[in-house]
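Enquirer: Before I ask anything, let me first share the structure, which is written out below as structure tokens.
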There are 2 protein chains.
Amino acid sequence: MEHAALDLSLDAAALTARLVDFPSESGNEGPLADAIEQALRGLGHLTVHRHGNNIVARTELGRAERVVLAGHIDTVPIAGNVPSRLDDKGILWGCGTTDMKSGVAVQLCIAATVPEPNRDLTFVFYDNEEVAADLNGLGKVAEAHPEWLRADFAVLLEGSVGEVEGGCQGTLRVLLRTKGERAHSARSWMGSNAIHAVGPILARLAAYEPRRPVIDGLEYHEGLNAVRIEGGVANNVIPDECTVTVNFRYAPDRTPQQALEHVREVFDGCGVTELVVDDHSGGALPGLSHPAARAFMEAVGGSARPKFGWTDVARFSALGVPAVNYGPGDPVYAHKRDEHVVVERIHHCERRLRAWLTT
Amino acid sequence: MEHAALDLSLDAAALTARLVDFPSESGNEGPLADAIEQALRGLGHLTVHRHGNNIVARTELGRAERVVLAGHIDTVPIAGNVPSRLDDKGILWGCGTTDMKSGVAVQLCIAATVPEPNRDLTFVFYDNEEVAADLNGLGKVAEAHPEWLRADFAVLLEGSVGEVEGGCQGTLRVLLRTKGERAHSARSWMGSNAIHAVGPILARLAAYEPRRPVIDGLEYHEGLNAVRIEGGVANNVIPDECTVTVNFRYAPDRTPQQALEHVREVFDGCGVTELVVDDHSGGALPGLSHPAARAFMEAVGGSARPKFGWTDVARFSALGVPAVNYGPGDPVYAHKRDEHVVVERIHHCERRLRAWLTT
């Protein structure tokens with residue numbers, strides 16, 4: 001498919017529509033990455049780098065602070081909702097309107113129209129966010145060129161309905177196993193029942209009181225839950241093994257190591273014979289006490305709220321860069337056939353970021 | 001395959017070998033049933049009935065008591081262990097030696113050589129014991145011709161190493177379900193965890209003290225156990241359903257109705273939202289206090305022991321006929337490639353039954 005070059009003189013809403021009409025499902029971001037690279041290279045105040053289909057463009061003004069504006073350029077598969085359609089109520093419909101081409105459009109407008117920001121800027125456009133974690137373009141850049149991402153603060157323009165979502169919680173998944181001894185259920189006293197042995201684990205889970213710590217003014221909410229349980233051999237056999245899969249969602253004031261230690265402590269003395277870490281992604285501190293972040297909060301206004309789910313802000317956090325989500329989209333409509341974005345929110349988001357970076 | 005007619009003048013051990021060499025895997029009992037029918041019809045003192053591949057032969061002497069000698073004529077699939085082989089230590093090897101052609105041989109010898117027993121006799125030879133319960137020949141005869149099975153006492157010649165196994169325990173399987181409400185595990189407080197709700201059920205199971213009642217001098221041993229547990233939707237979802245499969249093995253002094261009531265009581269107040277009966281087979285009282293049974297115990301000597309697993313004696317019990325297992329085989333070797341029987345035990349079993357029926 002032939003696409004005209006991206007015209008960065010359009011306003012953010014019109015540019016959003018152009019981006020939606022430029023399909024870029026995960027794995028097929030190449031043409032859009034080319035267009036973005038070409039448009040950015042036309043701007044004299046930016047140094048442009050490329051790694052795969054990931055584009056990083058930076059100002060090099062020697063400012064005291066550097067901030068990142070980041071967004072992914074891929075979408076989930078199109079579901080009959082391209083090209084975009086603007087209705088008479090000021091709502092733009094189409095695949096990627098909310099997740100997250102409206103955010104990418106804001107990035108591009110700021111890149112084009114703020115040549116002398118008060119903080120050095122790093123624009124990151126990355127691929128494969130909607131698929132497996134190990135394909136994620138932001139992760140690839142962080143691995144190959146961590147110096148491109150060095151900064152004091154980062155804003156991901158993921159849809160957050162125009163409010164700031166600070167940091168994110170960590171997520172740890174462990175398998176807790178109990179062991180028993182098989183026997184025919186007609187002679188159960190010859191064996192030892194591994195399912196019965198799970199009782200104390202479930203009792204601990206039911207009695208667990210999750211913390212709700214306040215960090216940088218945001219109240220997080222932890223949770224410790226069994227998400228799966230499996231045990232049994234046959235209907236007439238005393239089972240010799242049972243496995244409970246537990247998911248711990250933890251506030252970002254715990255390190256991954258501390259989170260795992262906490263889980264071990266919770267189940268201490270419960271008869272767990274094996275604890276296996278099945279998956280682990282650390283949280284991200286909101287970092288709202290940093291000067292760049294404070295100025296950001298003042299500029300965008302409103303109050304921040306915590307992000308309970310895990311997001312790419314945690315990748316910045318792992319690089320030592322506090323990060324928040326702030327974008328015009330509404331995540332409720334992400335990945336849906338009726339995906340849409342309120343045009344006025346795109347403009348609002350762009351104005352707020354511009355104010356932060358120019359005053 | 002052509003087989004000579006069964007020669008009932010052979011002794012029980014030689015007849016066992018002949019029967020083993022006459023394959024009769026479940027579903028292919030026809031030729032052996034024909035041979036047994038033909039041999040029994042040659043005995044003038046028996047009235048012979050046939051239903052499918054099930055043969056029932058009875059004396060009609062007007063005795064005060066009637067007893068049944070029963071055995072199944074099918075075997076599990078042959079595993080390279082036919083024809084039979086007698087070793088120099090007096091052990092007969094082969095498929096069905098222990099389960100249960102040695103018992104069937106004893107039945108046939110008694111049928112041929114005790115024309116005037118002190119109790120009227122009913123010999124039952126049935127098919128499809130080794131497969132699904134609804135195919136079981138004893139069950140088919142009980143359904144179609146219950147009058148053929150009427151008696152005061154029954155002996156199943158299933159392998160019991162020459163000792164009496166009295167009655168059998170009942171078995172009840174129930175599914176216990178808990179309900180919750182789904183939510184994303186990052187916002188677990190929005191849902192309700194059905195796996196956590198299983199904790200009290202497992203605690204009851206772990207604390208359960210099974211009864212060991214003595215019935216007709218036999219000590220039974222009950223058991224209440226989880227045999228399976230299953231719950232979970234996805235690794236990031238609070239589960240809305242969990243199911244525990246519980247197996248209750250109960251002594252034959254409880255009726256099926258009482259057993260179910262007991263299970264309902266045990267789990268009362270545990271948060272079970274649904275209790276489904278998945279399978280239920282009542283137990284069988286040993287009935288050792290009946291005069292025919294007492295005389296049997298005196299004749300065979302030794303002490304009786306309870307049968308914990310469910311067996312076909314429960315089918316007789318359901319017809320109001322107390323029953324026991326008493327046979328020369330050793331169930332430890334049933335269904336195995338190295339299946340075998342001790343020849344002397346076949347003779348011993350036959351002598352004991354003859355003594356009971358003639359003195």
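By order in the structure tokens, chains are A, B, ...; within a chain, residues start at 1; ligands start at 1, following the order shown.
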Residues within 12 Å of segment 289-291 of chain A, please, as a PyMOL selection string. Count only C-alpha atoms; anything in the same chain fewer than 4 positions from it doesn't count.
Expert: chain A and resi 64-67+119+151-154+166+215-218+285+295-298+321-323+356
Enquirer: For the contact check between chain B and chain A, emit one row per residue of chain B within 9 Å, containing the shortest atom pair and the distance in Å rounded to one decimal, counting only C-alpha atoms, chain then rising number order, as JSON lines.
Expert:
{"residue": "B:Gln169", "atom": "CA", "partner": "A:Ala186", "partner_atom": "CA", "distance": 8.1}
{"residue": "B:Thr171", "atom": "CA", "partner": "A:Ala186", "partner_atom": "CA", "distance": 8.2}
{"residue": "B:Arg173", "atom": "CA", "partner": "A:Asn235", "partner_atom": "CA", "distance": 8.1}
{"residue": "B:His184", "atom": "CA", "partner": "A:Gly309", "partner_atom": "CA", "distance": 8.8}
{"residue": "B:Ser185", "atom": "CA", "partner": "A:Asn247", "partner_atom": "CA", "distance": 7.4}
{"residue": "B:Ala186", "atom": "CA", "partner": "A:Gly309", "partner_atom": "CA", "distance": 5.3}
{"residue": "B:Arg187", "atom": "CA", "partner": "A:Phe308", "partner_atom": "CA", "distance": 6.8}
{"residue": "B:Ser188", "atom": "CA", "partner": "A:Gly223", "partner_atom": "CA", "distance": 6.1}
{"residue": "B:Trp189", "atom": "CA", "partner": "A:Gly223", "partner_atom": "CA", "distance": 7.6}
{"residue": "B:Asn193", "atom": "CA", "partner": "A:Asn225", "partner_atom": "CA", "distance": 7.5}
{"residue": "B:Ala194", "atom": "CA", "partner": "A:Ala226", "partner_atom": "CA", "distance": 9.0}
{"residue": "B:Ile195", "atom": "CA", "partner": "A:Ala226", "partner_atom": "CA", "distance": 6.4}
{"residue": "B:His196", "atom": "CA", "partner": "A:Leu202", "partner_atom": "CA", "distance": 5.3}
{"residue": "B:Ala197", "atom": "CA", "partner": "A:Ala206", "partner_atom": "CA", "distance": 7.5}
{"residue": "B:Val198", "atom": "CA", "partner": "A:Leu202", "partner_atom": "CA", "distance": 7.3}
{"residue": "B:Gly199", "atom": "CA", "partner": "A:Leu202", "partner_atom": "CA", "distance": 5.0}
{"residue": "B:Pro200", "atom": "CA", "partner": "A:Gly199", "partner_atom": "CA", "distance": 7.3}
{"residue": "B:Ile201", "atom": "CA", "partner": "A:Gly199", "partner_atom": "CA", "distance": 8.0}
{"residue": "B:Leu202", "atom": "CA", "partner": "A:Gly199", "partner_atom": "CA", "distance": 5.0}
{"residue": "B:Ala203", "atom": "CA", "partner": "A:Gly199", "partner_atom": "CA", "distance": 5.5}
{"residue": "B:Arg204", "atom": "CA", "partner": "A:His196", "partner_atom": "CA", "distance": 8.9}
{"residue": "B:Leu205", "atom": "CA", "partner": "A:His196", "partner_atom": "CA", "distance": 6.5}
{"residue": "B:Ala206", "atom": "CA", "partner": "A:His196", "partner_atom": "CA", "distance": 5.5}
{"residue": "B:His221", "atom": "CA", "partner": "A:Arg187", "partner_atom": "CA", "distance": 7.9}
{"residue": "B:Glu222", "atom": "CA", "partner": "A:Ala186", "partner_atom": "CA", "distance": 7.9}
{"residue": "B:Gly223", "atom": "CA", "partner": "A:Ser188", "partner_atom": "CA", "distance": 6.1}
{"residue": "B:Leu224", "atom": "CA", "partner": "A:Ser188", "partner_atom": "CA", "distance": 8.1}
{"residue": "B:Asn225", "atom": "CA", "partner": "A:Ile238", "partner_atom": "CA", "distance": 7.2}
{"residue": "B:Ala226", "atom": "CA", "partner": "A:Ile195", "partner_atom": "CA", "distance": 6.4}
{"residue": "B:Val227", "atom": "CA", "partner": "A:Gly232", "partner_atom": "CA", "distance": 5.3}
{"residue": "B:Arg228", "atom": "CA", "partner": "A:Gly232", "partner_atom": "CA", "distance": 4.1}
{"residue": "B:Ile229", "atom": "CA", "partner": "A:Gly231", "partner_atom": "CA", "distance": 5.2}
{"residue": "B:Glu230", "atom": "CA", "partner": "A:Glu230", "partner_atom": "CA", "distance": 4.9}
{"residue": "B:Gly231", "atom": "CA", "partner": "A:Ile229", "partner_atom": "CA", "distance": 5.2}
{"residue": "B:Gly232", "atom": "CA", "partner": "A:Arg228", "partner_atom": "CA", "distance": 4.1}
{"residue": "B:Val233", "atom": "CA", "partner": "A:Arg228", "partner_atom": "CA", "distance": 7.1}
{"residue": "B:Ala234", "atom": "CA", "partner": "A:Val227", "partner_atom": "CA", "distance": 6.8}
{"residue": "B:Asn235", "atom": "CA", "partner": "A:Val227", "partner_atom": "CA", "distance": 5.7}
{"residue": "B:Asn236", "atom": "CA", "partner": "A:Val227", "partner_atom": "CA", "distance": 6.9}
{"residue": "B:Val237", "atom": "CA", "partner": "A:Val227", "partner_atom": "CA", "distance": 6.3}
{"residue": "B:Ile238", "atom": "CA", "partner": "A:Val227", "partner_atom": "CA", "distance": 5.7}
{"residue": "B:Pro239", "atom": "CA", "partner": "A:Val227", "partner_atom": "CA", "distance": 6.0}
{"residue": "B:Cys242", "atom": "CA", "partner": "A:Ile229", "partner_atom": "CA", "distance": 8.2}
{"residue": "B:Thr245", "atom": "CA", "partner": "A:Asn235", "partner_atom": "CA", "distance": 7.8}
{"residue": "B:Val246", "atom": "CA", "partner": "A:Asn235", "partner_atom": "CA", "distance": 8.4}
{"residue": "B:Asn247", "atom": "CA", "partner": "A:Ser185", "partner_atom": "CA", "distance": 7.4}
{"residue": "B:Phe248", "atom": "CA", "partner": "A:Ser185", "partner_atom": "CA", "distance": 8.5}
{"residue": "B:Arg249", "atom": "CA", "partner": "A:Ala186", "partner_atom": "CA", "distance": 6.0}
{"residue": "B:Tyr250", "atom": "CA", "partner": "A:Ala186", "partner_atom": "CA", "distance": 8.9}
{"residue": "B:Phe308", "atom": "CA", "partner": "A:Ala186", "partner_atom": "CA", "distance": 5.6}
{"residue": "B:Gly309", "atom": "CA", "partner": "A:Ala186", "partner_atom": "CA", "distance": 5.3}
{"residue": "B:Trp310", "atom": "CA", "partner": "A:Ala186", "partner_atom": "CA", "distance": 8.2}
Enquirer: Take the residues from that selection and write them out as a PDB file, in the first residue's frame, keeping C-alpha atoms.
Expert:
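Saved the output as out.pdb:
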ATOM      1  CA  GLN B 169     -17.951 -50.756  51.758  1.00  0.00           C
ATOM      2  CA  THR B 171     -18.659 -45.573  47.678  1.00  0.00           C
ATOM      3  CA  ARG B 173     -18.605 -39.437  44.918  1.00  0.00           C
ATOM      4  CA  HIS B 184      -8.750  -8.756  37.010  1.00  0.00           C
ATOM      5  CA  SER B 185      -6.155  -9.945  39.526  1.00  0.00           C
ATOM      6  CA  ALA B 186      -4.619  -6.436  39.493  1.00  0.00           C
ATOM      7  CA  ARG B 187      -7.914  -5.264  41.054  1.00  0.00           C
ATOM      8  CA  SER B 188      -8.730  -8.352  43.065  1.00  0.00           C
ATOM      9  CA  TRP B 189     -10.887  -6.433  45.553  1.00  0.00           C
ATOM     10  CA  ASN B 193     -12.138 -15.651  45.026  1.00  0.00           C
ATOM     11  CA  ALA B 194     -13.814 -19.072  44.684  1.00  0.00           C
ATOM     12  CA  ILE B 195     -10.534 -20.935  45.290  1.00  0.00           C
ATOM     13  CA  HIS B 196     -10.024 -19.195  48.636  1.00  0.00           C
ATOM     14  CA  ALA B 197     -13.594 -20.221  49.487  1.00  0.00           C
ATOM     15  CA  VAL B 198     -12.558 -23.882  49.305  1.00  0.00           C
ATOM     16  CA  GLY B 199     -10.332 -23.515  52.385  1.00  0.00           C
ATOM     17  CA  PRO B 200     -13.031 -24.454  54.925  1.00  0.00           C
ATOM     18  CA  ILE B 201     -13.951 -27.558  52.884  1.00  0.00           C
ATOM     19  CA  LEU B 202     -10.352 -28.783  52.929  1.00  0.00           C
ATOM     20  CA  ALA B 203     -10.051 -27.968  56.625  1.00  0.00           C
ATOM     21  CA  ARG B 204     -13.100 -30.180  57.352  1.00  0.00           C
ATOM     22  CA  LEU B 205     -11.599 -32.980  55.275  1.00  0.00           C
ATOM     23  CA  ALA B 206      -8.237 -32.738  57.024  1.00  0.00           C
ATOM     24  CA  HIS B 221     -12.653 -48.442  57.987  1.00  0.00           C
ATOM     25  CA  GLU B 222     -14.320 -45.460  56.415  1.00  0.00           C
ATOM     26  CA  GLY B 223     -12.606 -42.644  54.538  1.00  0.00           C
ATOM     27  CA  LEU B 224     -13.598 -39.195  53.314  1.00  0.00           C
ATOM     28  CA  ASN B 225     -11.192 -37.724  50.792  1.00  0.00           C
ATOM     29  CA  ALA B 226     -10.758 -35.104  48.136  1.00  0.00           C
ATOM     30  CA  VAL B 227      -9.665 -36.980  45.006  1.00  0.00           C
ATOM     31  CA  ARG B 228      -9.625 -34.002  42.626  1.00  0.00           C
ATOM     32  CA  ILE B 229      -9.648 -30.232  42.793  1.00  0.00           C
ATOM     33  CA  GLU B 230      -9.993 -27.805  39.933  1.00  0.00           C
ATOM     34  CA  GLY B 231     -10.352 -24.054  39.703  1.00  0.00           C
ATOM     35  CA  GLY B 232      -9.071 -21.072  37.754  1.00  0.00           C
ATOM     36  CA  VAL B 233      -9.781 -19.096  34.592  1.00  0.00           C
ATOM     37  CA  ALA B 234      -6.474 -17.439  33.644  1.00  0.00           C
ATOM     38  CA  ASN B 235      -3.336 -16.357  35.434  1.00  0.00           C
ATOM     39  CA  ASN B 236      -4.603 -12.786  35.819  1.00  0.00           C
ATOM     40  CA  VAL B 237      -8.233 -13.461  36.717  1.00  0.00           C
ATOM     41  CA  ILE B 238      -9.813 -13.934  40.146  1.00  0.00           C
ATOM     42  CA  PRO B 239     -11.608 -17.293  39.723  1.00  0.00           C
ATOM     43  CA  CYS B 242     -13.812 -24.080  42.132  1.00  0.00           C
ATOM     44  CA  THR B 245     -14.398 -33.994  44.046  1.00  0.00           C
ATOM     45  CA  VAL B 246     -14.870 -35.931  47.269  1.00  0.00           C
ATOM     46  CA  ASN B 247     -15.019 -39.713  47.630  1.00  0.00           C
ATOM     47  CA  PHE B 248     -16.723 -41.166  50.709  1.00  0.00           C
ATOM     48  CA  ARG B 249     -16.026 -44.843  51.354  1.00  0.00           C
ATOM     49  CA  TYR B 250     -18.460 -45.978  54.004  1.00  0.00           C
ATOM     50  CA  PHE B 308     -12.886 -52.198  51.748  1.00  0.00           C
ATOM     51  CA  GLY B 309     -13.272 -51.891  47.999  1.00  0.00           C
ATOM     52  CA  TRP B 310     -16.599 -52.245  46.194  1.00  0.00           C
TER      53      TRP B 310
END
Enquirer: Where does DSSP see helix (DSSP H, G or I) in segment 177-283 of chain A, if you list the residues as a compact mmCIF listing (two decimals) with all heavy atoms, in the first residue's frame?
Expert:
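Generated file (part.txt):
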# COMPACT_ATOMS: atom_id res chain seq x y z
N SER A 185 -8.42 -45.10 47.16
CA SER A 185 -9.28 -44.34 48.08
C SER A 185 -10.11 -45.25 48.98
O SER A 185 -10.67 -44.79 49.97
CB SER A 185 -10.18 -43.38 47.30
OG SER A 185 -11.14 -44.08 46.54
N ALA A 186 -10.20 -46.54 48.67
CA ALA A 186 -10.89 -47.47 49.56
C ALA A 186 -10.02 -47.78 50.78
O ALA A 186 -10.51 -48.30 51.78
CB ALA A 186 -11.22 -48.77 48.83
N ARG A 187 -8.75 -47.49 50.70
CA ARG A 187 -7.81 -47.68 51.82
C ARG A 187 -7.01 -46.40 52.00
O ARG A 187 -5.80 -46.38 51.95
CB ARG A 187 -6.84 -48.83 51.53
CG ARG A 187 -7.48 -50.22 51.55
CD ARG A 187 -6.50 -51.31 51.16
NE ARG A 187 -7.21 -52.51 50.77
CZ ARG A 187 -7.78 -52.69 49.57
NH1 ARG A 187 -7.69 -51.75 48.64
NH2 ARG A 187 -8.43 -53.82 49.32
N SER A 188 -7.75 -45.30 52.20
CA SER A 188 -7.11 -43.98 52.19
C SER A 188 -6.06 -43.82 53.28
O SER A 188 -5.14 -43.04 53.13
CB SER A 188 -8.18 -42.89 52.32
OG SER A 188 -9.03 -43.16 53.41
N TRP A 189 -6.21 -44.56 54.38
CA TRP A 189 -5.27 -44.43 55.49
C TRP A 189 -3.87 -44.96 55.14
O TRP A 189 -2.93 -44.72 55.87
CB TRP A 189 -5.80 -45.14 56.74
CG TRP A 189 -6.12 -46.58 56.49
CD1 TRP A 189 -5.29 -47.65 56.72
CD2 TRP A 189 -7.34 -47.12 55.97
NE1 TRP A 189 -5.92 -48.81 56.36
CE2 TRP A 189 -7.18 -48.52 55.90
CE3 TRP A 189 -8.55 -46.56 55.56
CZ2 TRP A 189 -8.19 -49.37 55.42
CZ3 TRP A 189 -9.55 -47.40 55.09
CH2 TRP A 189 -9.37 -48.79 55.02
N MET A 190 -3.75 -45.64 54.00
CA MET A 190 -2.44 -46.10 53.55
C MET A 190 -1.67 -44.96 52.85
O MET A 190 -0.49 -45.10 52.57
CB MET A 190 -2.57 -47.25 52.56
CG MET A 190 -3.43 -48.42 53.04
SD MET A 190 -2.62 -49.34 54.36
CE MET A 190 -1.39 -50.27 53.39
N HIS A 196 -5.82 -32.24 50.68
CA HIS A 196 -6.14 -31.78 52.04
C HIS A 196 -5.03 -30.87 52.56
O HIS A 196 -5.28 -29.90 53.29
CB HIS A 196 -6.29 -32.98 52.99
CG HIS A 196 -7.43 -33.89 52.65
ND1 HIS A 196 -7.85 -34.91 53.48
CD2 HIS A 196 -8.25 -33.93 51.57
CE1 HIS A 196 -8.87 -35.55 52.91
NE2 HIS A 196 -9.13 -34.97 51.75
N ALA A 197 -3.78 -31.16 52.16
CA ALA A 197 -2.63 -30.39 52.65
C ALA A 197 -2.63 -28.94 52.17
O ALA A 197 -1.89 -28.11 52.69
CB ALA A 197 -1.33 -31.08 52.23
N VAL A 198 -3.47 -28.64 51.18
CA VAL A 198 -3.54 -27.29 50.65
C VAL A 198 -4.40 -26.38 51.54
O VAL A 198 -4.32 -25.15 51.45
CB VAL A 198 -4.11 -27.34 49.20
CG1 VAL A 198 -4.62 -26.01 48.75
CG2 VAL A 198 -3.02 -27.84 48.25
N GLY A 199 -5.19 -26.98 52.42
CA GLY A 199 -6.09 -26.21 53.29
C GLY A 199 -5.41 -25.02 53.97
O GLY A 199 -5.91 -23.89 53.87
N PRO A 200 -4.28 -25.23 54.64
CA PRO A 200 -3.62 -24.10 55.33
C PRO A 200 -3.19 -22.98 54.38
O PRO A 200 -3.21 -21.80 54.74
CB PRO A 200 -2.41 -24.76 55.99
CG PRO A 200 -2.79 -26.20 56.16
CD PRO A 200 -3.64 -26.52 54.97
N ILE A 201 -2.83 -23.33 53.15
CA ILE A 201 -2.44 -22.31 52.17
C ILE A 201 -3.65 -21.43 51.84
O ILE A 201 -3.57 -20.21 51.84
CB ILE A 201 -1.90 -22.98 50.88
CG1 ILE A 201 -0.61 -23.73 51.17
CG2 ILE A 201 -1.71 -21.94 49.76
CD1 ILE A 201 -0.12 -24.61 50.02
N LEU A 202 -4.78 -22.07 51.60
CA LEU A 202 -5.99 -21.30 51.26
C LEU A 202 -6.47 -20.48 52.46
O LEU A 202 -6.98 -19.37 52.29
CB LEU A 202 -7.09 -22.25 50.76
CG LEU A 202 -6.75 -23.06 49.51
CD1 LEU A 202 -7.97 -23.83 49.03
CD2 LEU A 202 -6.21 -22.18 48.40
N ALA A 203 -6.28 -21.03 53.67
CA ALA A 203 -6.68 -20.28 54.86
C ALA A 203 -5.83 -19.00 54.98
O ALA A 203 -6.36 -17.92 55.28
CB ALA A 203 -6.53 -21.16 56.11
N ARG A 204 -4.54 -19.11 54.71
CA ARG A 204 -3.67 -17.92 54.75
C ARG A 204 -4.13 -16.90 53.71
O ARG A 204 -4.16 -15.70 53.97
CB ARG A 204 -2.21 -18.29 54.44
CG ARG A 204 -1.51 -19.08 55.51
CD ARG A 204 -0.90 -18.21 56.60
NE ARG A 204 -0.52 -19.08 57.71
CZ ARG A 204 0.70 -19.55 57.91
NH1 ARG A 204 1.68 -19.19 57.12
NH2 ARG A 204 0.95 -20.37 58.92
N LEU A 205 -4.44 -17.38 52.51
CA LEU A 205 -4.88 -16.48 51.44
C LEU A 205 -6.17 -15.77 51.83
O LEU A 205 -6.31 -14.55 51.63
CB LEU A 205 -5.08 -17.27 50.14
CG LEU A 205 -3.81 -17.63 49.39
CD1 LEU A 205 -4.10 -18.69 48.33
CD2 LEU A 205 -3.20 -16.40 48.72
N ALA A 206 -7.11 -16.53 52.39
CA ALA A 206 -8.40 -15.94 52.75
C ALA A 206 -8.23 -14.90 53.85
O ALA A 206 -8.97 -13.91 53.91
CB ALA A 206 -9.38 -17.03 53.17
N ALA A 207 -7.25 -15.13 54.74
CA ALA A 207 -7.07 -14.22 55.88
C ALA A 207 -6.13 -13.05 55.55
O ALA A 207 -5.99 -12.12 56.35
CB ALA A 207 -6.49 -15.01 57.07
N PRO A 256 11.39 -6.43 43.61
CA PRO A 256 11.00 -7.81 43.29
C PRO A 256 11.52 -8.80 44.34
O PRO A 256 10.80 -9.72 44.75
CB PRO A 256 11.65 -8.03 41.93
CG PRO A 256 11.67 -6.67 41.30
CD PRO A 256 11.97 -5.74 42.45
N GLN A 257 12.74 -8.59 44.80
CA GLN A 257 13.32 -9.49 45.80
C GLN A 257 12.50 -9.46 47.09
O GLN A 257 12.20 -10.50 47.68
CB GLN A 257 14.77 -9.08 46.06
CG GLN A 257 15.51 -9.95 47.07
CD GLN A 257 15.56 -11.41 46.64
OE1 GLN A 257 15.59 -11.71 45.44
NE2 GLN A 257 15.49 -12.32 47.61
N GLN A 258 12.15 -8.25 47.52
CA GLN A 258 11.35 -8.11 48.75
C GLN A 258 9.96 -8.73 48.58
O GLN A 258 9.43 -9.33 49.51
CB GLN A 258 11.21 -6.63 49.11
CG GLN A 258 12.51 -6.04 49.66
CD GLN A 258 12.46 -4.51 49.72
OE1 GLN A 258 11.64 -3.87 49.04
NE2 GLN A 258 13.34 -3.93 50.52
N ALA A 259 9.40 -8.58 47.39
CA ALA A 259 8.07 -9.16 47.14
C ALA A 259 8.12 -10.68 47.27
O ALA A 259 7.24 -11.30 47.89
CB ALA A 259 7.58 -8.76 45.75
N LEU A 260 9.14 -11.28 46.71
CA LEU A 260 9.28 -12.73 46.78
C LEU A 260 9.51 -13.18 48.22
O LEU A 260 8.91 -14.16 48.67
CB LEU A 260 10.42 -13.20 45.87
CG LEU A 260 10.70 -14.70 45.84
CD1 LEU A 260 9.45 -15.49 45.46
CD2 LEU A 260 11.83 -15.01 44.86
N GLU A 261 10.33 -12.43 48.95
CA GLU A 261 10.56 -12.78 50.36
C GLU A 261 9.26 -12.70 51.15
O GLU A 261 8.98 -13.55 51.99
CB GLU A 261 11.58 -11.83 50.98
CG GLU A 261 13.02 -12.29 50.79
CD GLU A 261 14.03 -11.17 51.08
OE1 GLU A 261 13.71 -10.26 51.87
OE2 GLU A 261 15.12 -11.23 50.46
N HIS A 262 8.47 -11.67 50.84
CA HIS A 262 7.19 -11.53 51.55
C HIS A 262 6.30 -12.74 51.30
O HIS A 262 5.70 -13.29 52.23
CB HIS A 262 6.49 -10.25 51.09
CG HIS A 262 5.14 -10.06 51.69
ND1 HIS A 262 4.94 -9.82 53.03
CD2 HIS A 262 3.90 -10.12 51.14
CE1 HIS A 262 3.64 -9.73 53.28
NE2 HIS A 262 2.99 -9.91 52.15
N VAL A 263 6.23 -13.17 50.04
CA VAL A 263 5.38 -14.32 49.72
C VAL A 263 5.89 -15.57 50.44
O VAL A 263 5.10 -16.36 50.98
CB VAL A 263 5.31 -14.53 48.19
CG1 VAL A 263 4.69 -15.88 47.84
CG2 VAL A 263 4.49 -13.40 47.56
N ARG A 264 7.19 -15.75 50.47
CA ARG A 264 7.74 -16.90 51.20
C ARG A 264 7.34 -16.86 52.67
O ARG A 264 6.98 -17.87 53.26
CB ARG A 264 9.28 -16.91 51.10
CG ARG A 264 9.80 -17.37 49.75
CD ARG A 264 11.32 -17.61 49.84
NE ARG A 264 11.93 -17.65 48.52
CZ ARG A 264 11.92 -18.71 47.71
NH1 ARG A 264 11.31 -19.82 48.10
NH2 ARG A 264 12.48 -18.67 46.53
N GLU A 265 7.39 -15.65 53.25
CA GLU A 265 7.03 -15.51 54.66
C GLU A 265 5.55 -15.82 54.90
O GLU A 265 5.19 -16.48 55.86
CB GLU A 265 7.31 -14.08 55.14
CG GLU A 265 8.75 -13.88 55.58
CD GLU A 265 9.09 -12.39 55.70
OE1 GLU A 265 8.16 -11.58 55.89
OE2 GLU A 265 10.29 -12.07 55.55
N VAL A 266 4.70 -15.31 53.99
CA VAL A 266 3.25 -15.52 54.15
C VAL A 266 2.93 -17.02 54.25
O VAL A 266 2.11 -17.44 55.06
CB VAL A 266 2.46 -14.89 52.99
CG1 VAL A 266 1.01 -15.37 52.99
CG2 VAL A 266 2.51 -13.37 53.08
Enquirer: One decimal, in Å: what's the spacing between atom CA of Thr59 of chain B and atom CA of Gly167 of chain B?
Expert: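 That distance, rounded to one decimal, is 25.3 Å.
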Enquirer: From the DSSP assignment of the backbone, select every residue of segment 182-219 of chain B that is strand (DSSP E or B), and format the answer as a VMD selection string.
Expert: chain B and resid 183 to 184 192 214 to 215 218 to 219
Enquirer: Find the residue from B:Ala13, B:Ala111, B:Val20, B:Leu138 that sits nearest to Arg50 of chain B; use only C-alpha atoms when measuring.
Expert: B:Leu138
Enquirer: Would you compute the distance between atom CA of Leu156 of chain A and atom CA of Gly42 of chain A? Give it in Å to one decimal.
Expert: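 A separation of 23.8 Å between them.
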Enquirer: Can you list, as a list in words, every protein, DNA or RNA residue that comes within 9 Å of Glu350 of chain A when you count only C-alpha atoms, leaving out same-chain residues fewer than 4 positions away?
Expert: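 So the residues in contact are Ala12, Gly103, Val106, Gln107, Cys109, Ile110, Pro328, Arg345, Ile346, Arg354 and Ala355 of chain A.
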Enquirer: Which polymer residues have any atom within 6 Å of an atom of segment 300-304 of chain B, counting only C-alpha atoms, with same-chain residues fewer than 3 positions away left out, as a PyMOL selection string?
Expert: chain B and resi 164-165+297+352
Enquirer: As an exercise, work out the distance from atom CA of Gly191 of chain B to atom CA of Glu241 of chain B in Å and give it to one decimal place.
Expert: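 Value for the atom CA of Gly191 of chain B-atom CA of Glu241 of chain B distance: 11.8 Å.
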